[in-house]
$ cat run_9.cif   # mmCIF, C-alpha atoms
data_coords
#
loop_
_atom_site.label_atom_id
_atom_site.label_comp_id
_atom_site.auth_asym_id
_atom_site.auth_seq_id
_atom_site.Cartn_x
_atom_site.Cartn_y
_atom_site.Cartn_z
CA MET A 1 -50.25 -65.62 -74.76
CA PRO A 2 -50.15 -66.59 -71.06
CA ALA A 3 -49.95 -63.67 -68.64
CA ARG A 4 -46.40 -62.82 -67.58
CA GLY A 5 -47.34 -60.75 -64.57
CA SER A 6 -48.89 -57.36 -63.96
CA LEU A 7 -47.56 -53.95 -64.98
CA LEU A 8 -48.66 -50.61 -63.62
CA ILE A 9 -49.03 -48.05 -66.41
CA VAL A 10 -49.28 -44.30 -65.82
CA ALA A 11 -49.59 -41.72 -68.61
CA VAL A 12 -51.75 -38.84 -69.72
CA SER A 13 -53.36 -41.47 -71.97
CA GLY A 14 -52.37 -45.05 -71.19
CA ARG A 15 -54.12 -46.93 -74.01
CA ALA A 16 -51.10 -47.39 -76.31
CA LEU A 17 -48.95 -48.63 -73.43
CA ALA A 18 -51.75 -50.95 -72.30
CA ARG A 19 -51.95 -52.37 -75.83
CA ALA A 20 -48.19 -52.90 -75.91
CA ALA A 21 -48.28 -54.58 -72.49
CA ALA A 22 -51.17 -56.87 -73.43
CA ASP A 23 -49.50 -57.79 -76.73
CA ALA A 24 -46.44 -58.89 -74.78
CA GLY A 25 -48.49 -61.01 -72.38
CA TYR A 26 -48.57 -58.68 -69.38
CA VAL A 27 -51.64 -57.72 -67.36
CA PRO A 28 -52.05 -53.92 -67.68
CA LEU A 29 -53.17 -51.84 -64.70
CA VAL A 30 -53.74 -48.33 -66.02
CA ALA A 31 -53.96 -44.91 -64.40
CA ASP A 32 -54.58 -41.99 -66.78
CA PHE A 33 -56.75 -38.91 -67.27
CA PHE A 34 -59.32 -40.54 -69.57
CA ALA A 35 -60.05 -44.23 -68.81
CA ASP A 36 -61.24 -44.51 -72.42
CA LEU A 37 -63.46 -47.37 -73.52
CA ASP A 38 -60.71 -49.31 -75.28
CA THR A 39 -58.27 -48.73 -72.42
CA GLN A 40 -60.78 -50.32 -70.08
CA ALA A 41 -61.19 -53.23 -72.48
CA LEU A 42 -57.43 -53.79 -72.71
CA ALA A 43 -56.60 -53.41 -69.03
CA HIS A 44 -57.38 -55.62 -66.06
CA ARG A 45 -58.30 -52.34 -64.38
CA ALA A 46 -58.22 -48.76 -65.70
CA ARG A 47 -58.79 -45.90 -63.30
CA LYS A 48 -59.22 -42.23 -64.15
CA VAL A 49 -56.85 -40.00 -62.20
CA PRO A 50 -58.52 -36.94 -60.64
CA GLY A 51 -57.51 -33.63 -62.17
CA ASP A 52 -56.70 -32.74 -65.74
CA ILE A 53 -53.86 -32.37 -68.22
CA ALA A 54 -53.47 -28.65 -67.53
CA HIS A 55 -52.55 -29.27 -63.88
CA GLY A 56 -50.81 -32.61 -64.47
CA PHE A 57 -50.27 -35.52 -62.15
CA GLN A 58 -50.26 -34.84 -58.40
CA TRP A 59 -48.79 -37.23 -55.86
CA ASP A 60 -51.74 -37.30 -53.45
CA SER A 61 -54.26 -38.46 -56.04
CA LEU A 62 -51.87 -40.64 -58.04
CA ASP A 63 -50.66 -42.46 -54.93
CA ARG A 64 -54.22 -43.46 -54.01
CA ILE A 65 -55.00 -44.63 -57.54
CA LEU A 66 -51.86 -46.78 -57.75
CA ASP A 67 -52.61 -48.34 -54.37
CA ALA A 68 -56.11 -49.20 -55.56
CA LEU A 69 -54.77 -50.75 -58.78
CA CYS A 70 -52.30 -52.86 -56.82
CA ALA A 71 -55.10 -54.07 -54.56
CA GLU A 72 -57.09 -55.16 -57.63
CA ALA A 73 -54.15 -56.78 -59.43
CA PRO A 74 -54.18 -60.55 -60.04
CA SER A 75 -50.49 -60.61 -59.03
CA PRO A 76 -48.06 -58.08 -57.50
CA PRO A 77 -46.97 -55.68 -60.26
CA ARG A 78 -43.51 -56.32 -61.68
CA GLY A 79 -42.97 -52.62 -62.12
CA LEU A 80 -44.39 -49.31 -63.30
CA VAL A 81 -44.18 -48.07 -66.90
CA TYR A 82 -44.74 -44.35 -67.40
CA GLY A 83 -45.57 -42.43 -70.54
CA SER A 84 -46.29 -38.75 -71.10
CA GLY A 85 -47.02 -36.53 -68.13
CA PHE A 86 -43.74 -36.72 -66.21
CA GLU A 87 -41.45 -34.69 -68.47
CA ASP A 88 -41.53 -31.68 -66.15
CA ARG A 89 -41.91 -33.43 -62.79
CA PRO A 90 -39.02 -35.80 -62.09
CA GLU A 91 -39.62 -35.32 -58.37
CA LEU A 92 -42.88 -37.22 -58.81
CA LEU A 93 -41.03 -40.06 -60.53
CA ALA A 94 -38.63 -40.17 -57.58
CA ARG A 95 -41.54 -40.57 -55.15
CA ILE A 96 -43.01 -43.34 -57.30
CA ALA A 97 -39.63 -45.09 -57.46
CA ALA A 98 -39.51 -45.21 -53.67
CA ARG A 99 -42.51 -47.57 -53.77
CA TRP A 100 -42.41 -49.34 -57.14
CA THR A 101 -39.79 -50.48 -59.62
CA ILE A 102 -39.61 -47.95 -62.44
CA VAL A 103 -39.43 -49.60 -65.87
CA GLY A 104 -37.62 -46.91 -67.82
CA ASN A 105 -35.38 -43.95 -67.12
CA ASP A 106 -35.00 -42.81 -63.53
CA ALA A 107 -35.86 -39.37 -62.20
CA ALA A 108 -32.28 -38.09 -62.42
CA THR A 109 -32.05 -38.98 -66.11
CA VAL A 110 -35.40 -37.35 -66.90
CA SER A 111 -34.29 -34.22 -65.05
CA GLU A 112 -30.95 -34.04 -66.88
CA ILE A 113 -32.22 -34.60 -70.39
CA ASN A 114 -35.01 -32.03 -69.95
CA ASP A 115 -32.58 -29.43 -68.61
CA PRO A 116 -31.81 -27.31 -71.71
CA GLY A 117 -28.54 -26.00 -70.24
CA ARG A 118 -27.24 -29.50 -69.57
CA PHE A 119 -28.68 -31.11 -72.72
CA PHE A 120 -27.54 -28.62 -75.34
CA ALA A 121 -24.14 -28.18 -73.70
CA ALA A 122 -23.66 -31.93 -74.09
CA LEU A 123 -24.71 -31.79 -77.75
CA GLU A 124 -22.22 -28.97 -78.31
CA ARG A 125 -19.43 -30.97 -76.69
CA MET A 126 -20.28 -34.06 -78.77
CA ALA A 127 -20.50 -31.99 -82.00
CA ILE A 128 -24.12 -33.06 -82.55
CA PRO A 129 -25.93 -30.57 -84.83
CA HIS A 130 -28.81 -28.77 -83.11
CA PRO A 131 -30.58 -25.42 -83.48
CA GLU A 132 -28.94 -22.39 -81.94
CA THR A 133 -30.26 -22.38 -78.37
CA ARG A 134 -30.30 -19.71 -75.67
CA LEU A 135 -31.53 -19.61 -72.09
CA GLU A 136 -32.25 -15.87 -72.41
CA PRO A 137 -34.47 -14.19 -75.04
CA PRO A 138 -32.54 -13.34 -78.23
CA PRO A 139 -31.93 -9.64 -78.95
CA ASP A 140 -33.97 -9.98 -82.15
CA PRO A 141 -36.72 -12.58 -81.59
CA GLU A 142 -37.70 -12.81 -85.27
CA GLY A 143 -37.18 -16.40 -86.41
CA TRP A 144 -36.94 -17.76 -82.86
CA VAL A 145 -39.32 -19.84 -80.73
CA ALA A 146 -39.74 -20.19 -76.98
CA LYS A 147 -40.05 -23.69 -75.52
CA ARG A 148 -41.02 -24.85 -72.05
CA PRO A 149 -38.50 -27.34 -70.62
CA GLY A 150 -40.06 -30.76 -70.31
CA GLY A 151 -42.91 -29.89 -72.66
CA ALA A 152 -44.53 -32.50 -74.88
CA GLY A 153 -46.81 -32.63 -77.90
CA GLY A 154 -45.65 -29.36 -79.42
CA SER A 155 -48.23 -27.25 -77.56
CA HIS A 156 -45.45 -25.81 -75.38
CA ILE A 157 -43.77 -24.11 -78.36
CA ALA A 158 -44.60 -20.49 -79.22
CA PRO A 159 -43.04 -17.60 -81.12
CA ALA A 160 -40.32 -15.93 -79.06
CA ARG A 161 -41.55 -12.41 -79.76
CA GLY A 162 -43.02 -10.85 -76.66
CA ARG A 163 -41.54 -13.37 -74.23
CA THR A 164 -39.70 -11.98 -71.20
CA PRO A 165 -36.81 -13.70 -69.39
CA THR A 166 -38.14 -16.61 -67.35
CA THR A 167 -36.81 -19.75 -65.71
CA ASN A 168 -39.57 -21.72 -67.44
CA ALA A 169 -38.50 -21.23 -71.06
CA TYR A 170 -35.57 -21.54 -73.39
CA PHE A 171 -35.21 -20.19 -76.91
CA GLN A 172 -34.31 -21.81 -80.23
CA ARG A 173 -33.73 -20.44 -83.70
CA LEU A 174 -36.08 -21.90 -86.28
CA VAL A 175 -34.31 -24.11 -88.83
CA PRO A 176 -35.65 -25.79 -91.99
CA GLY A 177 -36.22 -29.51 -92.36
CA ARG A 178 -38.68 -32.40 -92.30
CA PRO A 179 -39.68 -33.57 -88.79
CA ILE A 180 -38.32 -37.09 -88.30
CA SER A 181 -38.51 -39.15 -85.12
CA ALA A 182 -36.37 -42.17 -84.23
CA LEU A 183 -37.83 -44.80 -81.91
CA PHE A 184 -34.98 -46.54 -80.09
CA ALA A 185 -34.14 -48.72 -77.13
CA GLY A 186 -31.25 -48.03 -74.77
CA ASP A 187 -29.51 -50.21 -72.22
CA GLY A 188 -27.68 -47.35 -70.49
CA THR A 189 -24.65 -47.53 -72.76
CA GLN A 190 -25.77 -48.68 -76.24
CA ALA A 191 -28.82 -48.07 -78.41
CA ALA A 192 -30.82 -49.95 -81.04
CA VAL A 193 -32.95 -47.89 -83.44
CA LEU A 194 -36.22 -49.69 -84.15
CA GLY A 195 -37.47 -47.36 -86.88
CA PHE A 196 -37.99 -43.84 -88.18
CA SER A 197 -41.26 -41.98 -88.62
CA GLU A 198 -42.15 -38.69 -90.26
CA GLN A 199 -44.39 -36.37 -88.26
CA TRP A 200 -46.81 -33.59 -89.11
CA GLY A 201 -48.50 -30.87 -87.13
CA ALA A 202 -52.06 -29.90 -86.21
CA PRO A 203 -51.78 -26.14 -85.70
CA ALA A 204 -54.30 -24.44 -83.40
CA PRO A 205 -54.70 -20.85 -82.21
CA GLY A 206 -51.77 -20.12 -79.92
CA ARG A 207 -50.25 -23.55 -80.65
CA PRO A 208 -48.78 -23.43 -84.15
CA TRP A 209 -46.50 -26.43 -83.58
CA ARG A 210 -48.98 -28.84 -81.98
CA TYR A 211 -48.32 -32.51 -82.80
CA GLY A 212 -50.80 -34.04 -85.25
CA GLY A 213 -49.60 -37.47 -86.30
CA ALA A 214 -46.82 -39.66 -87.69
CA ALA A 215 -46.23 -42.25 -90.39
CA GLN A 216 -43.60 -44.94 -90.79
CA PRO A 217 -41.39 -45.66 -92.58
CA ALA A 218 -40.01 -42.17 -93.07
CA ARG A 219 -38.51 -41.38 -96.47
CA LEU A 220 -34.79 -41.44 -95.63
CA GLY A 221 -31.50 -41.89 -97.38
CA ALA A 222 -29.08 -44.46 -95.96
CA GLU A 223 -26.61 -41.77 -94.91
CA ALA A 224 -29.24 -39.82 -92.96
CA ALA A 225 -30.43 -42.97 -91.17
CA LYS A 226 -26.83 -43.90 -90.32
CA ARG A 227 -26.07 -40.46 -88.93
CA MET A 228 -29.24 -40.37 -86.82
CA GLY A 229 -28.35 -43.78 -85.44
CA GLU A 230 -24.92 -42.48 -84.45
CA ILE A 231 -26.45 -39.45 -82.74
CA VAL A 232 -28.91 -41.63 -80.83
CA ALA A 233 -26.06 -43.89 -79.71
CA GLY A 234 -24.04 -40.90 -78.46
CA VAL A 235 -26.94 -39.40 -76.52
CA THR A 236 -27.83 -42.80 -75.04
CA ALA A 237 -24.31 -43.24 -73.65
CA GLU A 238 -24.09 -39.63 -72.44
CA PHE A 239 -27.38 -39.68 -70.52
CA ARG A 240 -27.48 -43.42 -69.69
CA LEU A 241 -30.86 -43.86 -71.39
CA LYS A 242 -32.79 -47.06 -70.73
CA GLY A 243 -35.84 -48.66 -72.28
CA LEU A 244 -37.81 -47.17 -75.16
CA ASN A 245 -37.11 -43.54 -76.03
CA SER A 246 -37.56 -41.29 -79.04
CA ALA A 247 -35.38 -38.61 -80.62
CA ASP A 248 -36.88 -35.78 -82.67
CA PHE A 249 -34.92 -34.39 -85.62
CA LEU A 250 -35.32 -31.95 -88.44
CA LEU A 251 -33.86 -33.42 -91.62
CA ASP A 252 -32.50 -30.84 -94.08
CA ALA A 253 -31.59 -32.86 -97.18
CA ASP A 254 -29.55 -35.67 -95.56
CA ALA A 255 -28.32 -33.59 -92.61
CA PRO A 256 -30.15 -34.37 -89.32
CA ILE A 257 -30.51 -31.66 -86.65
CA LEU A 258 -31.45 -32.93 -83.18
CA LEU A 259 -34.27 -31.04 -81.47
CA GLU A 260 -34.93 -33.10 -78.34
CA VAL A 261 -34.99 -36.57 -76.82
CA ASN A 262 -38.09 -37.93 -75.08
CA PRO A 263 -36.87 -40.32 -72.35
CA ARG A 264 -39.96 -42.55 -72.40
CA PRO A 265 -42.11 -44.57 -74.81
CA GLY A 266 -43.58 -41.98 -77.16
CA ALA A 267 -46.49 -41.23 -79.44
CA THR A 268 -45.46 -43.66 -82.19
CA LEU A 269 -45.90 -46.97 -80.34
CA ASP A 270 -48.97 -47.90 -82.38
CA ILE A 271 -47.30 -47.58 -85.77
CA PHE A 272 -44.28 -49.69 -84.76
CA GLU A 273 -46.33 -52.59 -83.43
CA HIS A 274 -44.76 -55.88 -84.56
CA ALA A 275 -45.89 -59.40 -83.65
CA SER A 276 -42.39 -60.93 -83.59
CA LEU A 277 -40.93 -58.22 -81.36
CA PRO A 278 -43.46 -56.87 -78.83
CA LEU A 279 -42.42 -53.34 -77.89
CA MET A 280 -43.14 -53.83 -74.20
CA ASP A 281 -40.70 -56.75 -74.20
CA VAL A 282 -38.09 -54.45 -75.73
CA HIS A 283 -38.81 -51.82 -73.06
CA VAL A 284 -38.71 -54.20 -70.09
CA ASN A 285 -35.62 -56.09 -71.29
CA ALA A 286 -33.65 -52.92 -72.02
CA ALA A 287 -34.71 -51.05 -68.88
CA LEU A 288 -34.47 -53.83 -66.31
CA HIS A 289 -32.06 -56.36 -67.83
CA ASN A 290 -29.78 -54.23 -70.05
CA GLN A 291 -30.73 -56.37 -73.05
CA LEU A 292 -31.26 -54.90 -76.50
CA PRO A 293 -33.01 -56.77 -79.33
CA ALA A 294 -30.63 -58.97 -81.30
CA GLU A 295 -32.07 -57.70 -84.57
CA VAL A 296 -34.53 -55.05 -85.66
CA PRO A 297 -37.68 -56.44 -87.31
CA ALA A 298 -38.53 -55.67 -90.91
CA PHE A 299 -41.95 -54.04 -91.01
CA GLU A 300 -44.07 -55.57 -93.76
CA GLU A 301 -46.59 -52.69 -93.79
CA ALA A 302 -46.38 -48.96 -93.44
CA ALA A 303 -48.53 -47.38 -90.73
CA ALA A 304 -49.76 -43.98 -89.63
CA SER A 305 -51.49 -42.58 -86.56
CA MET A 306 -53.24 -39.25 -86.16
CA ILE A 307 -54.88 -37.37 -83.31
CA VAL A 308 -58.29 -36.02 -84.28
CA PHE A 309 -59.00 -32.70 -82.55
CA ALA A 310 -62.46 -31.21 -82.13
CA PRO A 311 -62.88 -28.09 -84.31
CA GLU A 312 -65.70 -27.07 -81.97
CA ALA A 313 -67.21 -28.34 -78.73
CA LEU A 314 -69.18 -31.54 -79.21
CA THR A 315 -70.85 -34.44 -77.41
CA ILE A 316 -70.15 -38.06 -78.36
CA PRO A 317 -73.42 -39.63 -79.62
CA GLN A 318 -74.98 -42.37 -77.52
CA ARG A 319 -74.85 -44.76 -80.47
CA MET A 320 -71.53 -43.67 -81.89
CA VAL A 321 -70.14 -45.95 -84.60
CA TRP A 322 -66.37 -45.52 -84.69
CA PRO A 323 -64.51 -45.93 -87.98
CA GLU A 324 -61.92 -48.60 -88.66
CA GLY A 325 -58.67 -47.86 -86.85
CA ALA A 326 -60.18 -45.64 -84.14
CA ALA A 327 -58.56 -45.79 -80.69
CA ASP A 328 -58.60 -43.82 -77.44
CA LEU A 329 -62.39 -43.94 -77.59
CA PRO A 330 -64.38 -41.56 -75.35
CA LYS A 331 -67.60 -42.74 -73.73
CA PRO A 332 -71.05 -42.08 -75.22
CA GLY A 333 -72.33 -38.75 -73.98
CA GLU A 334 -68.86 -37.48 -73.15
CA GLN A 335 -68.32 -33.80 -73.88
CA ILE A 336 -65.21 -32.82 -75.86
CA ASP A 337 -64.11 -29.20 -75.64
CA LYS A 338 -62.98 -27.27 -78.69
CA GLU A 339 -59.42 -28.18 -79.78
CA ARG A 340 -59.28 -31.17 -77.41
CA PRO A 341 -58.56 -34.68 -78.77
CA ILE A 342 -61.57 -36.71 -79.85
CA CYS A 343 -59.67 -39.93 -80.54
CA THR A 344 -56.66 -41.40 -82.33
CA LEU A 345 -56.96 -42.92 -85.79
CA LEU A 346 -54.66 -45.64 -87.17
CA ALA A 347 -54.14 -46.89 -90.72
CA ARG A 348 -51.89 -49.35 -92.52
CA ALA A 349 -50.90 -49.29 -96.18
CA GLU A 350 -48.06 -50.12 -98.56
CA SER A 351 -46.17 -46.87 -97.99
CA GLY A 352 -45.92 -44.20 -95.34
CA ASP A 353 -47.43 -41.60 -97.67
CA GLU A 354 -50.39 -43.86 -98.43
CA ALA A 355 -50.92 -44.62 -94.74
CA ARG A 356 -50.88 -40.90 -93.95
CA SER A 357 -53.37 -40.15 -96.73
CA LEU A 358 -55.68 -42.94 -95.53
CA VAL A 359 -55.66 -41.86 -91.89
CA GLN A 360 -56.35 -38.24 -92.90
CA THR A 361 -59.28 -39.38 -95.05
CA ARG A 362 -60.69 -41.32 -92.10
CA ALA A 363 -60.34 -38.22 -89.94
CA ARG A 364 -62.36 -36.12 -92.38
CA GLU A 365 -65.03 -38.81 -92.52
CA LEU A 366 -65.19 -39.00 -88.73
CA LEU A 367 -65.63 -35.23 -88.37
CA ALA A 368 -68.33 -35.31 -91.04
CA ALA A 369 -70.16 -38.06 -89.14
CA LEU A 370 -70.00 -35.89 -86.01
CA ASN A 371 -71.28 -32.89 -88.01
CA VAL A 372 -68.28 -30.75 -87.07
CA VAL A 373 -66.40 -30.44 -90.37
#

$ encode --input "run_9.cif" --output "structure tokens"
Amino acid sequence: MPARGSLLIVAVSGRALARAAADAGYVPLVADFFADLDTQALAHRARKVPGDIAHGFQWDSLDRILDALCAEAPSPPRGLVYGSGFEDRPELLARIAARWTIVGNDAATVSEINDPGRFFAALERMAIPHPETRLEPPPDPEGWVAKRPGGAGGSHIAPARGRTPTTNAYFQRLVPGRPISALFAGDGTQAAVLGFSEQWGAPAPGRPWRYGGAAQPARLGAEAAKRMGEIVAGVTAEFRLKGLNSADFLLDADAPILLEVNPRPGATLDIFEHASLPLMDVHVNAALHNQLPAEVPAFEEAAASMIVFAPEALTIPQRMVWPEGAADLPKPGEQIDKERPICTLLARAESGDEARSLVQTRARELLAALNVV
């Protein structure tokens, strides 16, 4: 496909966005914390941002990296696509927007939807089911969790017991249900749901709700899918969401309970890849041109993706042979700390359950090959 111009991409890990951009015919220019092997192969340029995930993106270093990427671009970038890493720093998005066109939700929208007081008050007003939520610790913390506003990946969730009042946490009652995520596009007023995935966790010490992976299609009844689509449409109009977003639910029988909305392309891009409807086209058209896809594609295969975490500290072998479906590939000799991601694994099959089983088998085989089972 002929190049359609350059796109700046910034995320904690930019590989999935770079893949989506390349699939749609754009030239990816990536800034992230890893500059993995496959990200470098996909991108025209991929630069590693100084710092680390714990401290997040900082304007001084990010500004220099973006300037360098623009200087190396084959054409002036059409805009900047951001992924994870900006949930809790809309002020940084505002500074970026002063220099580049943001392809996605603006800083004000990100700030509003990650403000638990504003978000859950809106859900209450719209009669959208959600867990009981408080800004102060509950009198009896049993059965409650504390969440950091703007957190991502589940690592920001912890039991509420022992937490003191703070401006950097809100509290939710635990409710039963299967974790379901809806990938959707918004044009600021309307939404188009592209598909549903079912998620699972990868618990770690101190992080019992850490995200592990997802498979699509999720096992859903028609009524549940319809209701989640209605909820997504209501939230899109309320918060003027644009581009690709995701909504996380717990599904109890056929009754969806909304947990949060991620106002950016999320962790399930890989499993919703479709040749006839490139996801980056959907994102750009919805965010910049207020155009939603005329029809949602029918996915011929199920797919699953999974983050493989290191059960102990390890070093990537110099002659590492990666299994089929491996992505986000670290460099030979790179050291991976305990409980940090090694890579992402992808698998396709006839059903979501089969895809999940296959990707989990590949994960066990990978850890065995690294002698860290």

$ residues_around --input "run_9.cif" --residues "region 122-127 of chain A" --least-positions-apart "5" --cutoff "10 Å" --atoms "only C-alpha atoms" --output "VMD selection string"
chain A and resid 113 116 to 117 231 234 to 235 238 to 239 258

$ write_last_selection --input "run_9.cif" --atoms "C-alpha atoms" --output "PDB file, in the coordinates of the input"
ATOM      1  CA  ILE A 113     -32.220 -34.600 -70.390  1.00  0.00           C
ATOM      2  CA  PRO A 116     -31.810 -27.310 -71.710  1.00  0.00           C
ATOM      3  CA  GLY A 117     -28.540 -26.000 -70.240  1.00  0.00           C
ATOM      4  CA  ILE A 231     -26.450 -39.450 -82.740  1.00  0.00           C
ATOM      5  CA  GLY A 234     -24.040 -40.900 -78.460  1.00  0.00           C
ATOM      6  CA  VAL A 235     -26.940 -39.400 -76.520  1.00  0.00           C
ATOM      7  CA  GLU A 238     -24.090 -39.630 -72.440  1.00  0.00           C
ATOM      8  CA  PHE A 239     -27.380 -39.680 -70.520  1.00  0.00           C
ATOM      9  CA  LEU A 258     -31.450 -32.930 -83.180  1.00  0.00           C
TER      10      LEU A 258
END

$ resolve_selection --input "run_9.cif" --expression "the PyMOL selection byres ((chain A and resi 298) around 10)" --output "PyMOL selection string"
chain A and resi 194-195+274+276+295-297+299-301

$ write_last_selection --input "run_9.cif" --atoms "C-alpha atoms" --output "mmCIF file, in the coordinates of the input"
data_model
loop_
_atom_site.group_PDB
_atom_site.id
_atom_site.type_symbol
_atom_site.label_atom_id
_atom_site.label_comp_id
_atom_site.auth_asym_id
_atom_site.auth_seq_id
_atom_site.Cartn_x
_atom_site.Cartn_y
_atom_site.Cartn_z
ATOM 1 C CA LEU A 194 -36.220 -49.690 -84.150
ATOM 2 C CA GLY A 195 -37.470 -47.360 -86.880
ATOM 3 C CA HIS A 274 -44.760 -55.880 -84.560
ATOM 4 C CA SER A 276 -42.390 -60.930 -83.590
ATOM 5 C CA GLU A 295 -32.070 -57.700 -84.570
ATOM 6 C CA VAL A 296 -34.530 -55.050 -85.660
ATOM 7 C CA PRO A 297 -37.680 -56.440 -87.310
ATOM 8 C CA PHE A 299 -41.950 -54.040 -91.010
ATOM 9 C CA GLU A 300 -44.070 -55.570 -93.760
ATOM 10 C CA GLU A 301 -46.590 -52.690 -93.790
#

$ resolve_selection --input "run_9.cif" --expression "the PyMOL selection byres ((chain A and resi 27) around 7)" --output "ChimeraX atom specification"
/A:3,5-7,21-22,25-26,28-29,43-44

$ resolve_selection --input "run_9.cif" --expression "the PyMOL selection byres ((chain A and resi 84) around 10)" --output "PyMOL selection string"
chain A and resi 10-14+32+82-83+85-88+151-153+262-267

$ atom_distance --input "run_9.cif" --atom1 "CA of Asn168 (chain A)" --atom2 "CA of Ala54 (chain A)"
15.5 Å

$ residues_around --input "run_9.cif" --residues "Ala233 (chain A)" --least-positions-apart "6" --cutoff "8 Å" --atoms "only C-alpha atoms" --output "PDB file with C-alpha atoms, keeping the file's coordinate frame"
ATOM      1  CA  THR A 189     -24.650 -47.530 -72.760  1.00  0.00           C
ATOM      2  CA  GLN A 190     -25.770 -48.680 -76.240  1.00  0.00           C
ATOM      3  CA  ALA A 191     -28.820 -48.070 -78.410  1.00  0.00           C
ATOM      4  CA  ALA A 192     -30.820 -49.950 -81.040  1.00  0.00           C
TER       5      ALA A 192
END

$ atom_distance --input "run_9.cif" --atom1 "CA of Ile307 (chain A)" --atom2 "CA of Leu345 (chain A)"
6.4 Å

$ residues_around --input "run_9.cif" --residues "Val282 (chain A)" --least-positions-apart "3" --cutoff "8 Å" --atoms "all atoms listed in the file" --output "PDB file with C-alpha atoms, in the coordinates of the input"
ATOM      1  CA  ALA A 185     -34.140 -48.720 -77.130  1.00  0.00           C
ATOM      2  CA  GLY A 243     -35.840 -48.660 -72.280  1.00  0.00           C
ATOM      3  CA  LEU A 244     -37.810 -47.170 -75.160  1.00  0.00           C
ATOM      4  CA  LEU A 277     -40.930 -58.220 -81.360  1.00  0.00           C
ATOM      5  CA  PRO A 278     -43.460 -56.870 -78.830  1.00  0.00           C
ATOM      6  CA  LEU A 279     -42.420 -53.340 -77.890  1.00  0.00           C
ATOM      7  CA  ASN A 285     -35.620 -56.090 -71.290  1.00  0.00           C
ATOM      8  CA  ALA A 286     -33.650 -52.920 -72.020  1.00  0.00           C
ATOM      9  CA  LEU A 292     -31.260 -54.900 -76.500  1.00  0.00           C
ATOM     10  CA  PRO A 293     -33.010 -56.770 -79.330  1.00  0.00           C
TER      11      PRO A 293
END

$ atom_distance --input "run_9.cif" --atom1 "CA of Glu142 (chain A)" --atom2 "CA of Pro159 (chain A)"
8.3 Å

$ closest_residue --input "run_9.cif" --among "A:Lys226, A:Ser155, A:Gly352, A:Pro149" --to "Ala169 (chain A)" --atoms "all atoms listed in the file"
A:Pro149

$ closest_residue --input "run_9.cif" --among "A:Ala31, A:Met320, A:Met306, A:Ala313" --to "Ala363 (chain A)" --atoms "only C-alpha atoms"
A:Met306

$ closest_residue --input "run_9.cif" --among "A:Leu8, A:Ala294, A:Val30, A:Ala302" --to "Arg356 (chain A)" --atoms "only C-alpha atoms"
A:Ala302

$ closest_residue --input "run_9.cif" --among "A:Leu329, A:Ala215, A:Leu37, A:Ala68" --to "Val49 (chain A)" --atoms "all atoms listed in the file"
A:Ala68

$ residues_around --input "run_9.cif" --residues "Gly188 (chain A)" --least-positions-apart "2" --cutoff "8 Å" --atoms "only C-alpha atoms" --output "list in words"
Gly186, Gln190, Thr236, Ala237, Phe239, Arg240, Leu241, Lys242 and Asn290 of chain A

$ closest_residue --input "run_9.cif" --among "A:Ala46, A:Met280, A:Ala107, A:Ala253" --to "Gly177 (chain A)" --atoms "all atoms listed in the file"
A:Ala253

$ residues_near_point --input "run_9.cif" --point "(-36.3, -13.7, -86.1)" --cutoff "10 Å" --atoms "all atoms listed in the file" --output "PyMOL selection string"
chain A and resi 138-145+159-161+173-174

$ closest_residue --input "run_9.cif" --among "A:Val175, A:Ala327, A:Leu259, A:Ala310" --to "Lys147 (chain A)" --atoms "only C-alpha atoms"
A:Leu259

$ axis_aligned_box --input "run_9.cif" --around "region 54-62 of chain A" --padding-each-side "5 Å" --output "AutoDock Vina command-line options"
--center_x -51.5 --center_y -34.6 --center_z -60.5 --size_x 15.5 --size_y 22.0 --size_z 24.1

$ decode --input "run_9.cif" --residues "region 243-257 of chain A" --atoms "C-alpha atoms" --output "short mmCIF file (atom, residue, chain, number, x, y, z; two decimals), in the first residue's frame"
data_model
loop_
_atom_site.label_atom_id
_atom_site.label_comp_id
_atom_site.auth_asym_id
_atom_site.auth_seq_id
_atom_site.Cartn_x
_atom_site.Cartn_y
_atom_site.Cartn_z
CA GLY A 243 -11.37 8.01 17.55
CA LEU A 244 -10.80 4.53 18.92
CA ASN A 245 -11.69 3.95 22.58
CA SER A 246 -12.52 0.98 24.77
CA ALA A 247 -15.09 0.42 27.52
CA ASP A 248 -14.53 -2.15 30.26
CA PHE A 249 -17.53 -4.00 31.70
CA LEU A 250 -18.32 -6.78 34.09
CA LEU A 251 -21.05 -8.97 32.65
CA ASP A 252 -23.26 -10.67 35.25
CA ALA A 253 -25.49 -13.02 33.24
CA ASP A 254 -26.71 -10.61 30.53
CA ALA A 255 -26.47 -7.47 32.69
CA PRO A 256 -23.43 -5.28 31.88
CA ILE A 257 -21.86 -3.10 34.59
#
